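File shown: run_9.cif (mmCIF, C-alpha atoms).
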```cif
data_entry
#
loop_
_atom_site.group_PDB
_atom_site.id
_atom_site.type_symbol
_atom_site.label_atom_id
_atom_site.label_comp_id
_atom_site.auth_asym_id
_atom_site.auth_seq_id
_atom_site.Cartn_x
_atom_site.Cartn_y
_atom_site.Cartn_z
ATOM 1 C CA MET A 1 54.439 92.061 60.961
ATOM 2 C CA ARG A 2 56.270 93.977 58.247
ATOM 3 C CA ILE A 3 56.317 90.886 56.025
ATOM 4 C CA PHE A 4 52.618 90.408 56.583
ATOM 5 C CA THR A 5 51.940 94.048 55.598
ATOM 6 C CA LEU A 6 54.082 93.731 52.474
ATOM 7 C CA ALA A 7 52.295 90.532 51.525
ATOM 8 C CA ALA A 8 48.921 92.219 51.968
ATOM 9 C CA LEU A 9 50.050 95.168 49.855
ATOM 10 C CA ALA A 10 51.318 92.819 47.187
ATOM 11 C CA LEU A 11 47.895 91.176 47.099
ATOM 12 C CA ILE A 12 46.053 94.475 46.856
ATOM 13 C CA LEU A 13 48.294 96.219 44.322
ATOM 14 C CA PRO A 14 47.659 93.915 41.347
ATOM 15 C CA ALA A 15 43.943 94.241 41.897
ATOM 16 C CA SER A 16 44.074 98.007 41.972
ATOM 17 C CA ALA A 17 46.156 98.028 38.814
ATOM 18 C CA GLN A 18 43.476 96.222 36.880
ATOM 19 C CA ALA A 19 41.527 98.435 34.556
ATOM 20 C CA GLN A 20 38.269 97.732 32.846
ATOM 21 C CA ASP A 21 36.817 99.699 30.015
ATOM 22 C CA THR A 22 33.360 100.919 30.803
ATOM 23 C CA ILE A 23 31.416 101.495 27.660
ATOM 24 C CA ILE A 24 28.831 104.202 27.514
ATOM 25 C CA GLU A 25 26.357 103.704 24.765
ATOM 26 C CA GLY A 26 23.793 106.074 23.429
ATOM 27 C CA ASN A 27 21.398 106.229 20.542
ATOM 28 C CA ILE A 28 20.051 109.311 18.879
ATOM 29 C CA LEU A 29 16.520 108.357 17.977
ATOM 30 C CA SER A 30 14.851 110.176 15.176
ATOM 31 C CA LYS A 31 11.996 112.243 16.459
ATOM 32 C CA CYS A 32 10.220 115.451 15.732
ATOM 33 C CA ILE A 33 8.956 117.777 18.410
ATOM 34 C CA ILE A 34 6.493 120.549 17.620
ATOM 35 C CA ASN A 35 6.709 123.438 20.055
ATOM 36 C CA THR A 36 4.261 126.299 20.172
ATOM 37 C CA ASP A 37 6.564 129.162 21.111
ATOM 38 C CA ASN A 38 3.879 131.769 20.591
ATOM 39 C CA GLN A 39 0.161 131.167 20.122
ATOM 40 C CA GLY A 40 -0.550 134.381 18.183
ATOM 41 C CA VAL A 41 -3.262 137.001 18.517
ATOM 42 C CA TYR A 42 -5.367 138.814 15.924
ATOM 43 C CA GLY A 43 -5.227 142.576 15.908
ATOM 44 C CA ASN A 44 -8.119 144.620 14.506
ATOM 45 C CA PRO A 45 -6.514 147.611 12.712
ATOM 46 C CA THR A 46 -9.649 148.449 10.701
ATOM 47 C CA PRO A 47 -13.262 147.353 11.285
ATOM 48 C CA ASP A 48 -13.148 144.890 8.379
ATOM 49 C CA LYS A 49 -9.750 143.331 9.101
ATOM 50 C CA LEU A 50 -8.233 140.877 11.564
ATOM 51 C CA SER A 51 -4.489 140.407 11.289
ATOM 52 C CA THR A 52 -1.676 138.769 13.221
ATOM 53 C CA THR A 53 0.860 141.235 11.751
ATOM 54 C CA PRO A 54 2.546 143.255 14.524
ATOM 55 C CA ALA A 55 2.022 146.468 12.502
ATOM 56 C CA ASP A 56 -1.719 145.750 12.702
ATOM 57 C CA GLY A 57 -1.600 145.232 16.457
ATOM 58 C CA GLY A 58 -1.463 141.464 16.229
ATOM 59 C CA VAL A 59 0.998 138.851 17.397
ATOM 60 C CA GLU A 60 2.315 136.299 14.932
ATOM 61 C CA PRO A 61 2.209 132.653 15.957
ATOM 62 C CA VAL A 62 5.679 131.112 16.162
ATOM 63 C CA ILE A 63 6.052 127.356 15.813
ATOM 64 C CA ARG A 64 9.316 125.640 16.619
ATOM 65 C CA TYR A 65 10.294 122.287 15.154
ATOM 66 C CA ASP A 66 13.068 120.262 16.792
ATOM 67 C CA VAL A 67 14.344 117.294 14.817
ATOM 68 C CA ALA A 68 16.961 114.968 16.240
ATOM 69 C CA VAL A 69 18.071 113.358 12.981
ATOM 70 C CA ALA A 70 18.382 115.066 9.608
ATOM 71 C CA ASP A 71 16.210 114.298 6.615
ATOM 72 C CA PHE A 72 13.551 112.183 8.334
ATOM 73 C CA TYR A 73 10.680 114.676 8.506
ATOM 74 C CA LEU A 74 8.592 117.182 6.567
ATOM 75 C CA ALA A 75 7.110 120.204 8.307
ATOM 76 C CA ARG A 76 3.721 121.261 6.990
ATOM 77 C CA ILE A 77 2.042 124.394 8.261
ATOM 78 C CA THR A 78 -1.466 125.374 7.223
ATOM 79 C CA THR A 79 -2.760 128.876 7.847
ATOM 80 C CA PRO A 80 -6.462 129.351 8.657
ATOM 81 C CA THR A 81 -9.096 129.478 5.914
ATOM 82 C CA SER A 82 -12.067 129.760 8.265
ATOM 83 C CA PHE A 83 -12.846 130.715 11.837
ATOM 84 C CA SER A 84 -13.157 127.860 14.294
ATOM 85 C CA SER A 85 -15.538 130.074 16.240
ATOM 86 C CA SER A 86 -16.965 133.507 15.547
ATOM 87 C CA PRO A 87 -20.179 135.495 15.688
ATOM 88 C CA THR A 88 -22.630 134.817 12.834
ATOM 89 C CA LEU A 89 -21.198 136.166 9.591
ATOM 90 C CA THR A 90 -23.455 137.040 6.672
ATOM 91 C CA ASP A 91 -20.767 137.841 4.123
ATOM 92 C CA THR A 92 -17.668 136.104 2.834
ATOM 93 C CA VAL A 93 -14.282 136.339 4.511
ATOM 94 C CA SER A 94 -11.175 136.654 2.413
ATOM 95 C CA TRP A 95 -8.171 134.859 3.927
ATOM 96 C CA THR A 96 -4.499 135.363 3.272
ATOM 97 C CA GLY A 97 -1.650 133.759 5.126
ATOM 98 C CA SER A 98 2.001 132.933 4.868
ATOM 99 C CA THR A 99 4.672 130.950 6.676
ATOM 100 C CA SER A 100 8.332 131.868 6.684
ATOM 101 C CA VAL A 101 11.484 130.537 8.312
ATOM 102 C CA GLY A 102 12.407 132.492 11.440
ATOM 103 C CA GLU A 103 15.272 131.777 13.826
ATOM 104 C CA VAL A 104 17.296 128.654 13.082
ATOM 105 C CA SER A 105 19.980 126.672 14.896
ATOM 106 C CA ASP A 106 22.016 125.987 11.759
ATOM 107 C CA ALA A 107 22.868 128.494 9.043
ATOM 108 C CA GLY A 108 22.114 125.900 6.372
ATOM 109 C CA MET A 109 18.459 125.922 7.399
ATOM 110 C CA SER A 110 18.024 129.293 5.695
ATOM 111 C CA ALA A 111 17.696 127.243 2.502
ATOM 112 C CA TYR A 112 14.350 125.985 3.822
ATOM 113 C CA GLU A 113 12.875 129.355 2.877
ATOM 114 C CA THR A 114 13.952 129.152 -0.769
ATOM 115 C CA ASN A 115 13.045 125.474 -1.068
ATOM 116 C CA LYS A 116 9.603 125.696 0.563
ATOM 117 C CA VAL A 117 6.599 124.474 -1.365
ATOM 118 C CA THR A 118 3.295 126.281 -0.978
ATOM 119 C CA PHE A 119 -0.024 124.852 -2.063
ATOM 120 C CA GLU A 120 -3.275 126.591 -1.169
ATOM 121 C CA ALA A 121 -2.933 127.554 2.518
ATOM 122 C CA THR A 122 -0.264 124.959 3.267
ATOM 123 C CA THR A 123 3.496 125.467 3.203
ATOM 124 C CA GLU A 124 5.789 122.469 3.274
ATOM 125 C CA PHE A 125 9.417 122.466 4.404
ATOM 126 C CA ASP A 126 11.815 119.552 4.028
ATOM 127 C CA LEU A 127 13.714 119.317 7.324
ATOM 128 C CA THR A 128 17.026 118.168 5.881
ATOM 129 C CA ILE A 129 19.188 119.369 8.792
ATOM 130 C CA ALA A 130 19.013 118.248 12.418
ATOM 131 C CA GLY A 131 18.269 120.995 14.912
ATOM 132 C CA THR A 132 15.760 123.699 15.649
ATOM 133 C CA THR A 133 13.775 125.764 13.167
ATOM 134 C CA ARG A 134 11.244 128.442 14.056
ATOM 135 C CA PHE A 135 8.496 129.309 11.622
ATOM 136 C CA ASP A 136 6.679 132.637 11.706
ATOM 137 C CA VAL A 137 3.077 132.436 10.590
ATOM 138 C CA SER A 138 0.944 135.337 9.485
ATOM 139 C CA SER A 139 -2.798 135.290 8.947
ATOM 140 C CA VAL A 140 -5.143 138.023 7.727
ATOM 141 C CA ALA A 141 -8.938 137.846 7.463
ATOM 142 C CA GLU A 142 -10.864 140.568 5.639
ATOM 143 C CA TYR A 143 -14.615 140.797 5.690
ATOM 144 C CA GLY A 144 -16.566 141.114 2.450
ATOM 145 C CA ALA A 145 -16.853 144.484 0.638
ATOM 146 C CA GLY A 146 -15.409 146.592 3.426
ATOM 147 C CA LYS A 147 -18.066 145.589 5.950
ATOM 148 C CA ALA A 148 -17.229 145.748 9.616
ATOM 149 C CA PHE A 149 -16.807 142.427 11.420
ATOM 150 C CA PRO A 150 -19.632 141.964 13.953
ATOM 151 C CA GLY A 151 -18.493 142.351 17.554
ATOM 152 C CA GLY A 152 -17.439 139.196 19.371
ATOM 153 C CA THR A 153 -14.587 136.738 19.730
ATOM 154 C CA TYR A 154 -12.962 135.254 16.668
ATOM 155 C CA ARG A 155 -10.795 132.159 16.718
ATOM 156 C CA ALA A 156 -8.876 130.443 13.939
ATOM 157 C CA VAL A 157 -6.546 127.473 13.967
ATOM 158 C CA VAL A 158 -3.061 127.145 12.514
ATOM 159 C CA GLN A 159 -2.208 123.511 11.876
ATOM 160 C CA ALA A 160 1.424 122.458 12.351
ATOM 161 C CA GLU A 161 2.261 118.980 11.114
ATOM 162 C CA CYS A 162 5.463 116.955 11.297
ATOM 163 C CA ILE A 163 5.351 113.979 8.974
ATOM 164 C CA ALA A 164 7.895 111.180 8.744
ATOM 165 C CA LYS A 165 9.293 110.877 5.203
ATOM 166 C CA MET B 166 26.699 139.043 41.760
ATOM 167 C CA LYS B 167 27.869 137.708 38.416
ATOM 168 C CA ASN B 168 26.077 134.377 39.027
ATOM 169 C CA TRP B 169 22.935 136.217 40.057
ATOM 170 C CA VAL B 170 22.943 138.222 36.812
ATOM 171 C CA ILE B 171 23.494 135.051 34.788
ATOM 172 C CA GLY B 172 20.658 133.355 36.704
ATOM 173 C CA VAL B 173 18.229 136.184 35.968
ATOM 174 C CA TRP B 174 19.350 136.236 32.352
ATOM 175 C CA LEU B 175 18.719 132.473 32.043
ATOM 176 C CA LEU B 176 15.299 132.892 33.631
ATOM 177 C CA LEU B 177 14.418 135.601 31.144
ATOM 178 C CA LEU B 178 15.637 133.450 28.285
ATOM 179 C CA ALA B 179 13.571 130.479 29.348
ATOM 180 C CA THR B 180 10.309 130.315 27.464
ATOM 181 C CA PRO B 181 7.531 127.957 28.508
ATOM 182 C CA VAL B 182 7.992 124.641 26.760
ATOM 183 C CA ALA B 183 4.901 123.638 24.852
ATOM 184 C CA SER B 184 5.657 120.633 22.753
ATOM 185 C CA HIS B 185 4.149 117.493 21.318
ATOM 186 C CA GLU B 186 6.092 114.446 20.206
ATOM 187 C CA LEU B 187 5.404 110.954 18.947
ATOM 188 C CA THR B 188 7.936 108.115 18.897
ATOM 189 C CA PRO B 189 9.171 105.952 17.283
ATOM 190 C CA THR B 190 9.385 107.672 13.912
ATOM 191 C CA TYR B 191 9.253 104.392 12.026
ATOM 192 C CA PRO B 192 7.218 101.824 14.002
ATOM 193 C CA LYS B 193 6.990 98.269 12.717
ATOM 194 C CA LEU B 194 3.701 96.462 12.418
ATOM 195 C CA GLN B 195 4.145 93.062 14.005
ATOM 196 C CA PRO B 196 1.863 90.071 14.497
ATOM 197 C CA SER B 197 -0.341 90.492 17.552
ATOM 198 C CA TYR B 198 -1.962 88.027 19.938
ATOM 199 C CA VAL B 199 -5.155 88.306 17.878
ATOM 200 C CA SER B 200 -5.001 86.384 14.632
ATOM 201 C CA GLY B 201 -5.368 88.546 11.537
ATOM 202 C CA LEU B 202 -4.299 91.704 13.340
ATOM 203 C CA LEU B 203 -0.961 93.474 13.351
ATOM 204 C CA THR B 204 0.132 95.732 16.147
ATOM 205 C CA ALA B 205 2.584 98.547 16.826
ATOM 206 C CA LYS B 206 3.480 100.339 20.044
ATOM 207 C CA LEU B 207 3.878 104.118 20.125
ATOM 208 C CA ASN B 208 4.570 106.753 22.733
ATOM 209 C CA ILE B 209 3.240 110.251 22.910
ATOM 210 C CA PHE B 210 4.614 113.000 25.113
ATOM 211 C CA ASN B 211 2.661 116.149 25.859
ATOM 212 C CA ALA B 212 4.437 119.260 27.038
ATOM 213 C CA ARG B 213 1.705 121.582 25.765
ATOM 214 C CA ARG B 214 0.050 123.241 28.719
ATOM 215 C CA ASP B 215 -2.928 124.242 26.563
ATOM 216 C CA ILE B 216 -3.662 120.718 25.312
ATOM 217 C CA GLU B 217 -4.971 117.732 27.239
ATOM 218 C CA TYR B 218 -6.384 115.462 24.555
ATOM 219 C CA TYR B 219 -4.910 113.914 21.427
ATOM 220 C CA GLU B 220 -6.631 111.979 18.654
ATOM 221 C CA ILE B 221 -4.976 108.967 17.013
ATOM 222 C CA GLY B 222 -5.418 108.348 13.294
ATOM 223 C CA VAL B 223 -4.067 105.849 10.780
ATOM 224 C CA PHE B 224 -3.859 106.897 7.133
ATOM 225 C CA THR B 225 -2.884 105.714 3.671
ATOM 226 C CA PHE B 226 -0.155 107.448 1.666
ATOM 227 C CA ASP B 227 -2.773 109.912 0.346
ATOM 228 C CA TRP B 228 -4.290 110.559 3.780
ATOM 229 C CA THR B 229 -7.372 108.383 3.486
ATOM 230 C CA PRO B 230 -8.268 107.025 6.951
ATOM 231 C CA VAL B 231 -7.547 103.329 7.526
ATOM 232 C CA PRO B 232 -9.629 101.333 10.038
ATOM 233 C CA PHE B 233 -7.730 100.521 13.197
ATOM 234 C CA ALA B 234 -8.360 99.628 16.815
ATOM 235 C CA THR B 235 -6.838 100.939 20.002
ATOM 236 C CA THR B 236 -7.872 101.333 23.615
ATOM 237 C CA SER B 237 -9.169 104.840 23.034
ATOM 238 C CA LYS B 238 -8.936 106.947 19.885
ATOM 239 C CA ILE B 239 -8.959 110.113 21.988
ATOM 240 C CA LEU B 240 -6.189 110.016 24.563
ATOM 241 C CA LYS B 241 -6.060 112.097 27.681
ATOM 242 C CA VAL B 242 -2.406 113.055 28.100
ATOM 243 C CA PRO B 243 -1.981 115.622 30.891
ATOM 244 C CA HIS B 244 0.716 118.257 30.550
ATOM 245 C CA GLY B 245 4.210 116.947 31.237
ATOM 246 C CA THR B 246 3.349 113.289 30.883
ATOM 247 C CA GLY B 247 3.829 110.565 28.330
ATOM 248 C CA TYR B 248 1.519 107.767 27.286
ATOM 249 C CA SER B 249 2.184 104.472 25.530
ATOM 250 C CA PHE B 250 -0.455 102.944 23.336
ATOM 251 C CA ASP B 251 -0.868 99.993 20.988
ATOM 252 C CA ILE B 252 -2.679 100.201 17.708
ATOM 253 C CA PHE B 253 -4.061 97.256 15.814
ATOM 254 C CA VAL B 254 -4.430 97.138 12.034
ATOM 255 C CA ARG B 255 -5.924 94.326 9.990
ATOM 256 C CA GLU B 256 -3.313 92.186 8.300
ATOM 257 C CA ARG B 257 -4.961 92.788 4.949
ATOM 258 C CA ASP B 258 -4.485 96.553 5.470
ATOM 259 C CA ARG B 259 -0.743 96.159 6.048
ATOM 260 C CA ASP B 260 0.142 97.871 2.760
ATOM 261 C CA LEU B 261 -2.560 100.516 3.086
ATOM 262 C CA ALA B 262 -1.532 101.777 6.515
ATOM 263 C CA VAL B 263 1.333 104.200 5.945
ATOM 264 C CA TYR B 264 1.026 106.896 8.606
ATOM 265 C CA VAL B 265 -0.026 106.883 12.234
ATOM 266 C CA CYS B 266 -0.641 110.347 13.624
ATOM 267 C CA THR B 267 -1.572 112.092 16.836
ATOM 268 C CA LEU B 268 -3.488 115.344 16.513
ATOM 269 C CA SER B 269 -3.941 117.795 19.355
ATOM 270 C CA LYS B 270 -7.569 118.482 20.211
ATOM 271 C CA LEU B 271 -8.352 122.102 20.937
ATOM 272 C CA ARG B 272 -10.975 123.150 23.412
ATOM 273 C CA SER B 273 -13.599 125.614 22.259
ATOM 274 C CA ASP B 274 -13.264 127.725 25.396
ATOM 275 C CA LYS B 275 -9.667 128.774 24.836
ATOM 276 C CA ALA B 276 -9.084 132.412 25.667
ATOM 277 C CA GLN B 277 -6.708 133.313 22.828
ATOM 278 C CA ASN B 278 -8.116 133.812 19.373
ATOM 279 C CA ALA B 279 -5.414 132.260 17.162
ATOM 280 C CA ILE B 280 -4.684 128.703 18.167
ATOM 281 C CA ILE B 281 -2.060 126.229 16.994
ATOM 282 C CA SER B 282 -3.037 122.645 16.397
ATOM 283 C CA SER B 283 -0.159 120.166 16.227
ATOM 284 C CA LYS B 284 -0.039 116.870 14.392
ATOM 285 C CA VAL B 285 2.918 114.479 14.449
ATOM 286 C CA CYS B 286 2.946 111.481 12.127
ATOM 287 C CA SER B 287 5.124 108.399 12.227
ATOM 288 C CA LYS B 288 5.524 106.115 9.244
ATOM 289 C CA PHE B 289 5.119 102.356 9.324
ATOM 290 C CA GLY B 290 7.758 100.049 7.981
ATOM 291 C CA GLY B 291 10.892 100.542 10.041
ATOM 292 C CA VAL B 292 13.806 102.900 9.439
ATOM 293 C CA PRO B 293 14.344 103.455 5.701
ATOM 294 C CA SER B 294 17.662 102.157 4.399
#
```
How would this structure read if it were set down as structure tokens?
Amino acid sequence: MRIFTLAALALILPASAQAQDTIIEGNILSKCIINTDNQGVYGNPTPDKLSTTPADGGVEPVIRYDVAVADFYLARITTPTSFSSSPTLTDTVSWTGSTSVGEVSDAGMSAYETNKVTFEATTEFDLTIAGTTRFDVSSVAEYGAGKAFPGGTYRAVVQAECIAK
Amino acid sequence: MKNWVIGVWLLLLATPVASHELTPTYPKLQPSYVSGLLTAKLNIFNARRDIEYYEIGVFTFDWTPVPFATTSKILKVPHGTGYSFDIFVRERDRDLAVYVCTLSKLRSDKAQNAIISSKVCSKFGGVPS
């Protein structure tokens, strides 16, 4: 019986001593994710002004870009130049807007602010570092010649684009 | 107690995810089962609670629209789901078609007054060397 047990053990032991390498593979695929962290709200500090600036009672839209691989994407953010819906307006509206780099996941991303390119209402950032970047957007609409905006709901659209380079 | 505090802290930190993504970044146009047409497969994922519909567009390098075919140019992608779609481009437009984009479609009855529209564009031609 003892011999039989030893023989069985001898059979089992070599098998248990075998080792196989299990390979775990993974790919980081390049992709860009646009997150709307904060939709933004216009405040109405004076009758002729709508503003997303917190000092004016507004809330600034915050857009977060997550890129998995560095240097594959451009972020392009366009501030509003018209209302998508509003009461009937009989005078011109003067628009100003800006986009700036907010919280970032990598200190090197602060360079995005100095390297940004602005044309008309659009600001372009070259996403050269992988990770998360938040952009703070501000938008101000002023009604012509100090007139009061007519009562009603005003909506404007901020366009956030992520374009493969 | 410590775990409970950490749990509450994590809950407070968590912000609602509202994202839009399009993959792959560099799709390849390949011959399709229809002669004279090239095709590429893309995937969209919608984690934006405020968006249900996305519009597909194909553009040249200077953003001129390029004719293309797909099952539906406006896709219904409910929150938290993904959708795969094929696009077809004429073989003679192979060099014209540079970008394929998905643009979020905003509803006119949204309650908030400043709204963010998102557009993600992939580029044809495979991963650049």
Nearby residues (only C-alpha atoms) at most 9 Å from Cys32 in chain A, same-chain spacing under 5 positions excluded, as a PyMOL selection string: (chain A and resi 65-69+72-73+162-164) or (chain B and resi 185-188+190+285)
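Each of B:Tyr198, B:Tyr248, B:Phe233, B:Phe224 was compared to chain A using only C-alpha atoms, and B:Phe224 turns out to be the nearest.
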Identify every residue of chain A that has at least one atom within 6 Å of any atom of chain B, counting all atoms listed in the file, and report the result as a PDB file with C-alpha atoms, keeping the file's coordinate frame.
```
ATOM      1  CA  LYS A  31      11.996 112.243  16.459  1.00  0.00           C
ATOM      2  CA  ILE A  33       8.956 117.777  18.410  1.00  0.00           C
ATOM      3  CA  ILE A  34       6.493 120.549  17.620  1.00  0.00           C
ATOM      4  CA  ASN A  35       6.709 123.438  20.055  1.00  0.00           C
ATOM      5  CA  THR A  36       4.261 126.299  20.172  1.00  0.00           C
ATOM      6  CA  GLN A  39       0.161 131.167  20.122  1.00  0.00           C
ATOM      7  CA  GLY A  40      -0.550 134.381  18.183  1.00  0.00           C
ATOM      8  CA  VAL A  41      -3.262 137.001  18.517  1.00  0.00           C
ATOM      9  CA  TYR A 154     -12.962 135.254  16.668  1.00  0.00           C
ATOM     10  CA  ARG A 155     -10.795 132.159  16.718  1.00  0.00           C
ATOM     11  CA  ALA A 156      -8.876 130.443  13.939  1.00  0.00           C
ATOM     12  CA  VAL A 157      -6.546 127.473  13.967  1.00  0.00           C
ATOM     13  CA  VAL A 158      -3.061 127.145  12.514  1.00  0.00           C
ATOM     14  CA  GLN A 159      -2.208 123.511  11.876  1.00  0.00           C
ATOM     15  CA  ALA A 160       1.424 122.458  12.351  1.00  0.00           C
ATOM     16  CA  GLU A 161       2.261 118.980  11.114  1.00  0.00           C
ATOM     17  CA  CYS A 162       5.463 116.955  11.297  1.00  0.00           C
ATOM     18  CA  ILE A 163       5.351 113.979   8.974  1.00  0.00           C
ATOM     19  CA  ALA A 164       7.895 111.180   8.744  1.00  0.00           C
TER      20      ALA A 164
END
```
Quick one: residues within 6 Å of range 91-108 of chain A, only C-alpha atoms counted, chain neighbours fewer than 3 positions away excluded, as a tab-separated table (two decimals) with C-alpha atoms, in the frame of the given file?
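The resulting file, selection35.tsv, is reproduced below:
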```
chain	number	residue	atom	x	y	z
A	79	THR	CA	-2.76	128.88	7.85
A	81	THR	CA	-9.10	129.48	5.91
A	113	GLU	CA	12.88	129.35	2.88
A	131	GLY	CA	18.27	121.00	14.91
A	132	THR	CA	15.76	123.70	15.65
A	133	THR	CA	13.78	125.76	13.17
A	134	ARG	CA	11.24	128.44	14.06
A	135	PHE	CA	8.50	129.31	11.62
A	136	ASP	CA	6.68	132.64	11.71
A	137	VAL	CA	3.08	132.44	10.59
A	138	SER	CA	0.94	135.34	9.48
A	139	SER	CA	-2.80	135.29	8.95
A	140	VAL	CA	-5.14	138.02	7.73
A	141	ALA	CA	-8.94	137.85	7.46
A	142	GLU	CA	-10.86	140.57	5.64
A	143	TYR	CA	-14.62	140.80	5.69
A	144	GLY	CA	-16.57	141.11	2.45
```
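Pairwise distance (CA of Arg255 in chain B, CA of Val231 in chain B) equals 9.5 Å.
The spacing separating CA of Thr225 in chain B from CA of Ala262 in chain B amounts to 5.0 Å.
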For CA of Glu217 in chain B and CA of Lys241 in chain B, the interatomic separation in Å (one decimal): 5.8 Å
Selection under test: the PyMOL selection byres ((chain B and resi 252) around 12); residues as a PyMOL selection string: chain B and resi 192-197+202-208+221-223+231-238+249-251+253-255+262+264-267+289
Nearest to Phe226 in chain B by atom-to-atom distance, counting all atoms listed in the file, from B:Asp260, B:Lys270, B:Ile239, B:Val199: B:Asp260
Expected axis-aligned box over every listed atom of range 89-100 of chain A, 4 Å added per side, centre plus edges in Å to one decimal, as JSON:
```
{"center_x": -7.6, "center_y": 134.4, "center_z": 6.0, "size_x": 39.8, "size_y": 14.9, "size_z": 15.2}
```
